[in-house]
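Report on the following structure.
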Amino acid sequence: MKKTYTYDNARVETFTFDNGANVKEAHLIVHVTNDTISFCMQLNAVSEAFGDIMQNQMKGFMPVFKRYFLSDAATQADHVCLTETEGDCCALSIVEQPPLDGTKIALWCYMMTGVKTKALESGLYAVEQGPYRHLWGGSAHNLAANSEYQTRLLFNEYIVQLAKEGCTLKDNCIRTWFFVNDIDLNYGGVVRARNQVFFAQGLTNDTHFIASTGIAGRQADPNVLSQMDSYAVAGIQPSQIRHLYAPSHLNRTSDYGVSFERGTCVDYDDRRHVFISGTASIDNKGQVVKPGDIVGQTLRMIENVEALLDEAECSFDDMGQIIVYLRDIADYTVVSGLMKDRFADMPLLIVHAPVCRPGWLIEMECMGVKKLKN
């Protein structure tokens, strides 16, 4: 079920999944609707709208993961952290990826009912649900010498965190996000580190990789070149996890030297979770489709994601949110029109974030859930 709620200076787009079980799920994206007010006023508008939703329309839901999208993290991130100090016990991500509607801040939040959340000594956040513990991490970073070393250290620390929770990168990690400061310069280092760590951990083209988005994004400290968010599940069995390829539309990422899965779905007794990685306008030979054509690339990108969802026996109707990344801010008006025509009621956010290959003008990711009867 999708609904939109309007406030004085904010709009909240929501998706709710309720199959009659104890655990319900929801995504919401909070947009500011008045781009003439100060950042602090915009932050207040987001906080008030989110608070009202949680007390009324989403009463009983627990935040599981939050990500703030900022126009200038260096001057804004501290204000967000102060707002969140007394906030919810969930993983928090803050990244500079300016909303392209002209505002300074937006918020995506994933929520559940019937769960318990807590901060772990490992630094991750646990969401306990029956035999499972969903482990979320946000805004992990360090100040190593370059993007390769930073990414390698991020993975090494994450592997230790997972081990403390009885998990491994190979068997339990479902999804990662990497935000790369100056992606045209630093993405190569991220790729090298990820490839090396994955090989050492037994993640290969013959086994599997991990669904991921690697996209431009900055932290408040400009010396942070690679920032990571993560999601893993303790208690999951290999038979519950399936990776998505859509070979009619997409090639294996390893064909061009990177290591992530196009998408992953996870089956539980009553539902299927779907995680679609950052997906661009590419064909099954690894070539950019419609170079220089933002309309053509947007349509091919949507078609590619649709093929991945079809492989998971899902559709866009099952998706709880969509995040779109644009290289050129001048393409916003065209892309916004195309996306809103196709996804009128979907929680949707379009931000400025160059994609990892200069020929790609646009990329999108999404996350959703479908009812199962197992």
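Chain labels run A, B, ... following the order of the structure tokens; each chain numbers its residues from 1, and ligands are numbered from 1 in the order shown.
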Per-residue DSSP, region 146-185 of chain A, filtered to strand (DSSP E or B), as a list in words: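 So, restricting region 146-185 of chain A to strand (DSSP E or B), we get Cys173, Ile174, Arg175, Thr176, Trp177, Phe178, Phe179 and Val180 of chain A.
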Please identify every residue of region 92-195 of chain A that has at least one atom no farther than 10 Å from an atom of region 40-57 of chain A, counting only C-alpha atoms, and for each give the shortest atom pair and the distance in Å to one decimal, arranged by chain then increasing number, as JSON lines.
{"residue": "A:Thr103", "atom": "CA", "partner": "A:Gln42", "partner_atom": "CA", "distance": 8.1}
{"residue": "A:Lys104", "atom": "CA", "partner": "A:Gln42", "partner_atom": "CA", "distance": 7.2}
{"residue": "A:Ile105", "atom": "CA", "partner": "A:Leu43", "partner_atom": "CA", "distance": 6.9}
{"residue": "A:Ala106", "atom": "CA", "partner": "A:Val46", "partner_atom": "CA", "distance": 7.4}
{"residue": "A:Leu107", "atom": "CA", "partner": "A:Val46", "partner_atom": "CA", "distance": 7.5}
{"residue": "A:Cys109", "atom": "CA", "partner": "A:Phe50", "partner_atom": "CA", "distance": 9.2}
{"residue": "A:Met111", "atom": "CA", "partner": "A:Met54", "partner_atom": "CA", "distance": 9.9}
Which residues come within 8 Å of Gly368 (chain A), counting only C-alpha atoms, excluding same-chain residues fewer than 2 positions away, as a PDB file with all heavy atoms, in the first residue's frame?
ATOM      1  N   HIS A 273      12.261 -10.869   0.331  1.00  0.00           N
ATOM      2  CA  HIS A 273      12.919  -9.568   0.266  1.00  0.00           C
ATOM      3  C   HIS A 273      13.730  -9.482  -1.025  1.00  0.00           C
ATOM      4  O   HIS A 273      14.396 -10.456  -1.411  1.00  0.00           O
ATOM      5  CB  HIS A 273      13.841  -9.359   1.455  1.00  0.00           C
ATOM      6  CG  HIS A 273      13.124  -9.024   2.716  1.00  0.00           C
ATOM      7  ND1 HIS A 273      13.743  -8.986   3.941  1.00  0.00           N
ATOM      8  CD2 HIS A 273      11.834  -8.676   2.959  1.00  0.00           C
ATOM      9  CE1 HIS A 273      12.882  -8.645   4.878  1.00  0.00           C
ATOM     10  NE2 HIS A 273      11.700  -8.466   4.302  1.00  0.00           N
ATOM     11  N   VAL A 274      13.687  -8.347  -1.680  1.00  0.00           N
ATOM     12  CA  VAL A 274      14.403  -8.153  -2.933  1.00  0.00           C
ATOM     13  C   VAL A 274      15.276  -6.907  -2.822  1.00  0.00           C
ATOM     14  O   VAL A 274      14.810  -5.839  -2.417  1.00  0.00           O
ATOM     15  CB  VAL A 274      13.432  -8.004  -4.122  1.00  0.00           C
ATOM     16  CG1 VAL A 274      14.212  -7.856  -5.421  1.00  0.00           C
ATOM     17  CG2 VAL A 274      12.504  -9.201  -4.201  1.00  0.00           C
ATOM     18  N   PHE A 275      16.547  -7.067  -3.191  1.00  0.00           N
ATOM     19  CA  PHE A 275      17.515  -5.968  -3.157  1.00  0.00           C
ATOM     20  C   PHE A 275      18.128  -5.835  -4.547  1.00  0.00           C
ATOM     21  O   PHE A 275      18.865  -6.719  -4.986  1.00  0.00           O
ATOM     22  CB  PHE A 275      18.621  -6.249  -2.134  1.00  0.00           C
ATOM     23  CG  PHE A 275      18.099  -6.526  -0.746  1.00  0.00           C
ATOM     24  CD1 PHE A 275      17.739  -7.814  -0.377  1.00  0.00           C
ATOM     25  CD2 PHE A 275      17.964  -5.508   0.179  1.00  0.00           C
ATOM     26  CE1 PHE A 275      17.263  -8.091   0.893  1.00  0.00           C
ATOM     27  CE2 PHE A 275      17.481  -5.771   1.452  1.00  0.00           C
ATOM     28  CZ  PHE A 275      17.126  -7.056   1.809  1.00  0.00           C
ATOM     29  N   ASP A 318       5.935  -4.356  -6.107  1.00  0.00           N
ATOM     30  CA  ASP A 318       6.425  -4.919  -4.853  1.00  0.00           C
ATOM     31  C   ASP A 318       7.548  -4.086  -4.229  1.00  0.00           C
ATOM     32  O   ASP A 318       8.004  -4.391  -3.129  1.00  0.00           O
ATOM     33  CB  ASP A 318       6.949  -6.341  -5.078  1.00  0.00           C
ATOM     34  CG  ASP A 318       5.891  -7.266  -5.643  1.00  0.00           C
ATOM     35  OD1 ASP A 318       4.811  -7.359  -5.043  1.00  0.00           O
ATOM     36  OD2 ASP A 318       6.137  -7.877  -6.703  1.00  0.00           O
ATOM     37  N   MET A 319       7.993  -3.052  -4.931  1.00  0.00           N
ATOM     38  CA  MET A 319       9.118  -2.270  -4.433  1.00  0.00           C
ATOM     39  C   MET A 319       8.654  -1.199  -3.444  1.00  0.00           C
ATOM     40  O   MET A 319       7.622  -0.552  -3.644  1.00  0.00           O
ATOM     41  CB  MET A 319       9.873  -1.606  -5.581  1.00  0.00           C
ATOM     42  CG  MET A 319      10.533  -2.614  -6.532  1.00  0.00           C
ATOM     43  SD  MET A 319      11.742  -3.712  -5.724  1.00  0.00           S
ATOM     44  CE  MET A 319      10.752  -5.215  -5.511  1.00  0.00           C
ATOM     45  N   GLY A 320       9.436  -1.039  -2.374  1.00  0.00           N
ATOM     46  CA  GLY A 320       9.083  -0.072  -1.340  1.00  0.00           C
ATOM     47  C   GLY A 320       9.711   1.283  -1.533  1.00  0.00           C
ATOM     48  O   GLY A 320       9.234   2.279  -0.967  1.00  0.00           O
ATOM     49  N   GLN A 321      10.777   1.346  -2.324  1.00  0.00           N
ATOM     50  CA  GLN A 321      11.442   2.619  -2.573  1.00  0.00           C
ATOM     51  C   GLN A 321      12.310   2.518  -3.815  1.00  0.00           C
ATOM     52  O   GLN A 321      12.715   1.430  -4.221  1.00  0.00           O
ATOM     53  CB  GLN A 321      12.289   3.062  -1.381  1.00  0.00           C
ATOM     54  CG  GLN A 321      13.259   2.008  -0.833  1.00  0.00           C
ATOM     55  CD  GLN A 321      14.637   2.013  -1.487  1.00  0.00           C
ATOM     56  OE1 GLN A 321      14.775   1.514  -2.587  1.00  0.00           O
ATOM     57  NE2 GLN A 321      15.638   2.544  -0.803  1.00  0.00           N
ATOM     58  N   CYS A 366      16.677  -0.221  -5.886  1.00  0.00           N
ATOM     59  CA  CYS A 366      15.393  -0.321  -5.199  1.00  0.00           C
ATOM     60  C   CYS A 366      15.411  -1.502  -4.238  1.00  0.00           C
ATOM     61  O   CYS A 366      16.279  -2.371  -4.302  1.00  0.00           O
ATOM     62  CB  CYS A 366      14.218  -0.416  -6.178  1.00  0.00           C
ATOM     63  SG  CYS A 366      14.325  -1.728  -7.402  1.00  0.00           S
ATOM     64  N   LYS A 370       7.697  -9.117  -1.136  1.00  0.00           N
ATOM     65  CA  LYS A 370       6.538  -9.760  -1.753  1.00  0.00           C
ATOM     66  C   LYS A 370       6.037 -10.867  -0.842  1.00  0.00           C
ATOM     67  O   LYS A 370       6.814 -11.579  -0.206  1.00  0.00           O
ATOM     68  CB  LYS A 370       6.931 -10.358  -3.099  1.00  0.00           C
ATOM     69  CG  LYS A 370       5.813 -11.121  -3.805  1.00  0.00           C
ATOM     70  CD  LYS A 370       6.288 -11.750  -5.104  1.00  0.00           C
ATOM     71  CE  LYS A 370       5.167 -12.516  -5.769  1.00  0.00           C
ATOM     72  NZ  LYS A 370       5.591 -13.111  -7.056  1.00  0.00           N
TER      73      LYS A 370
END
As a count of residues only, please: the residues near region 235-249 of chain A (cut-off 8 Å, only C-alpha atoms, same-chain neighbours under 3 positions excluded). 23
Among region 36-254 of chain A, which ones does DSSP place in helix (DSSP H, G or I), written as a count of residues only? 75
Between region 312-371 of chain A and region 61-78 of chain A, at 10 Å or less, what are the per-residue closest atom pairs and their distances in Å? Count only C-alpha atoms, order by chain and rising residue number, and return it as JSON lines.
{"residue": "A:Leu349", "atom": "CA", "partner": "A:Phe69", "partner_atom": "CA", "distance": 9.6}
{"residue": "A:Val351", "atom": "CA", "partner": "A:Phe69", "partner_atom": "CA", "distance": 8.0}
{"residue": "A:His352", "atom": "CA", "partner": "A:Ser71", "partner_atom": "CA", "distance": 9.0}
Take the residues from that selection and write them out as a short mmCIF file (atom, residue, chain, number, x, y, z; two decimals), in the first residue's frame, keeping N, CA, C and O atoms.
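The file below, part.cif, is the result:
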data_model
loop_
_atom_site.label_atom_id
_atom_site.label_comp_id
_atom_site.auth_asym_id
_atom_site.auth_seq_id
_atom_site.Cartn_x
_atom_site.Cartn_y
_atom_site.Cartn_z
N LEU A 349 13.28 9.06 -4.75
CA LEU A 349 14.19 10.17 -4.52
C LEU A 349 15.21 10.22 -5.63
O LEU A 349 15.78 9.19 -6.01
N VAL A 351 18.78 12.08 -6.66
CA VAL A 351 19.88 12.86 -6.07
C VAL A 351 21.00 13.02 -7.08
O VAL A 351 21.10 12.30 -8.08
N HIS A 352 21.87 14.00 -6.79
CA HIS A 352 23.05 14.21 -7.63
C HIS A 352 24.16 13.30 -7.12
O HIS A 352 24.64 13.45 -5.99
#
Any chance you could tabulate, as a Markdown table, the residues of region 81-172 of chain A at most 12 Å from region 214-224 of chain A with each one's nearest atom pair and distance in Å to one decimal, using only C-alpha atoms, in chain and rising number order?
| residue | atom | partner | partner_atom | distance |
| --- | --- | --- | --- | --- |
| A:Cys81 | CA | A:Ala220 | CA | 11.4 |
| A:Ser93 | CA | A:Gln219 | CA | 9.9 |
| A:Ile94 | CA | A:Gln219 | CA | 7.3 |
| A:Val95 | CA | A:Gln219 | CA | 5.6 |
| A:Glu96 | CA | A:Arg218 | CA | 4.8 |
| A:Gln97 | CA | A:Gly217 | CA | 5.6 |
| A:Pro98 | CA | A:Gly217 | CA | 9.2 |
| A:Gly138 | CA | A:Gln219 | CA | 11.9 |
| A:Ser139 | CA | A:Gln219 | CA | 8.3 |
| A:Ala140 | CA | A:Val224 | CA | 10.0 |
| A:His141 | CA | A:Val224 | CA | 6.7 |
| A:Asn142 | CA | A:Val224 | CA | 6.5 |
| A:Leu143 | CA | A:Val224 | CA | 5.9 |
| A:Ala144 | CA | A:Val224 | CA | 8.3 |
| A:Ala145 | CA | A:Asn223 | CA | 8.9 |
| A:Asn146 | CA | A:Val224 | CA | 8.7 |
| A:Ser147 | CA | A:Val224 | CA | 8.2 |
| A:Glu148 | CA | A:Val224 | CA | 11.5 |
| A:Tyr149 | CA | A:Val224 | CA | 11.1 |
| A:Gln150 | CA | A:Val224 | CA | 8.1 |
| A:Thr151 | CA | A:Val224 | CA | 10.2 |
| A:Leu154 | CA | A:Val224 | CA | 11.5 |
Contacts of Val355 (chain A) at 7 Å or less, counting only C-alpha atoms, minus same-chain residues fewer than 3 places along, as a list in words?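 Contacts, with the query itself left out: Ile215, Ala216, Arg327, Pro358, Trp360, Leu361, Ile362 and Glu363 of chain A.
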Just write the chosen residues, all heavy atoms, as a CSV table (one decimal), in the first residue's frame.
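Resulting contents of out.csv:
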chain,number,residue,atom,x,y,z
A,215,ILE,N,28.7,4.4,-5.7
A,215,ILE,CA,28.2,5.6,-6.2
A,215,ILE,C,28.9,6.8,-5.6
A,215,ILE,O,29.5,6.7,-4.5
A,215,ILE,CB,26.7,5.7,-6.0
A,215,ILE,CG1,26.1,6.7,-7.0
A,215,ILE,CG2,26.3,6.0,-4.6
A,215,ILE,CD1,26.0,6.3,-8.4
A,216,ALA,N,28.9,7.9,-6.3
A,216,ALA,CA,29.6,9.1,-5.7
A,216,ALA,C,28.8,9.6,-4.5
A,216,ALA,O,27.6,9.5,-4.4
A,216,ALA,CB,29.6,10.2,-6.7
A,327,ARG,N,24.3,11.9,-12.9
A,327,ARG,CA,25.6,12.5,-13.0
A,327,ARG,C,25.5,14.0,-13.3
A,327,ARG,O,26.2,14.8,-12.7
A,327,ARG,CB,26.3,11.8,-14.2
A,327,ARG,CG,27.6,12.5,-14.6
A,327,ARG,CD,28.4,11.7,-15.6
A,327,ARG,NE,29.2,10.6,-14.9
A,327,ARG,CZ,30.4,10.7,-14.4
A,327,ARG,NH1,31.0,11.9,-14.4
A,327,ARG,NH2,30.9,9.7,-13.8
A,358,PRO,N,31.9,7.0,-16.5
A,358,PRO,CA,31.5,8.3,-17.0
A,358,PRO,C,30.4,8.2,-18.1
A,358,PRO,O,29.6,9.1,-18.2
A,358,PRO,CB,32.8,8.9,-17.6
A,358,PRO,CG,33.8,8.2,-16.7
A,358,PRO,CD,33.4,6.8,-16.5
A,360,TRP,N,27.8,6.4,-18.2
A,360,TRP,CA,26.5,6.3,-17.6
A,360,TRP,C,26.0,7.6,-17.0
A,360,TRP,O,26.6,8.2,-16.1
A,360,TRP,CB,26.5,5.2,-16.5
A,360,TRP,CG,26.6,3.8,-17.0
A,360,TRP,CD1,26.1,3.3,-18.2
A,360,TRP,CD2,27.2,2.7,-16.3
A,360,TRP,NE1,26.3,2.0,-18.3
A,360,TRP,CE2,27.0,1.6,-17.2
A,360,TRP,CE3,27.9,2.5,-15.1
A,360,TRP,CZ2,27.5,0.3,-16.8
A,360,TRP,CZ3,28.3,1.3,-14.8
A,360,TRP,CH2,28.1,0.2,-15.6
A,361,LEU,N,24.9,8.0,-17.5
A,361,LEU,CA,24.3,9.3,-17.0
A,361,LEU,C,23.4,9.1,-15.8
A,361,LEU,O,23.1,10.1,-15.1
A,361,LEU,CB,23.5,9.9,-18.2
A,361,LEU,CG,24.3,10.1,-19.5
A,361,LEU,CD1,23.3,10.7,-20.5
A,361,LEU,CD2,25.5,11.0,-19.3
A,362,ILE,N,22.9,7.9,-15.6
A,362,ILE,CA,21.9,7.6,-14.6
A,362,ILE,C,22.0,6.2,-14.0
A,362,ILE,O,22.5,5.3,-14.8
A,362,ILE,CB,20.5,7.9,-15.2
A,362,ILE,CG1,19.4,7.8,-14.1
A,362,ILE,CG2,20.2,6.9,-16.3
A,362,ILE,CD1,18.1,8.3,-14.6
A,363,GLU,N,21.6,6.0,-12.8
A,363,GLU,CA,21.6,4.7,-12.2
A,363,GLU,C,20.5,4.7,-11.2
A,363,GLU,O,20.1,5.8,-10.6
A,363,GLU,CB,22.9,4.4,-11.5
A,363,GLU,CG,23.0,3.1,-10.8
A,363,GLU,CD,24.5,2.8,-10.3
A,363,GLU,OE1,25.4,2.6,-11.2
A,363,GLU,OE2,24.6,2.7,-9.1
Which is closer to Thr213 (chain A) than all the others in A:Gly296, A:Gln227, A:Gln201, A:Arg175, using only C-alpha atoms?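 Closest residue, counting only C-alpha atoms: A:Arg175.
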Just the residues within 10 Å of region 336-341 of chain A, please, counting only C-alpha atoms, with nothing from its chain fewer than 4 positions along; format it as a VMD selection string. chain A and resid 100 to 101 295 298 to 299 302 322 324 331 to 332 345 to 346 348 to 350
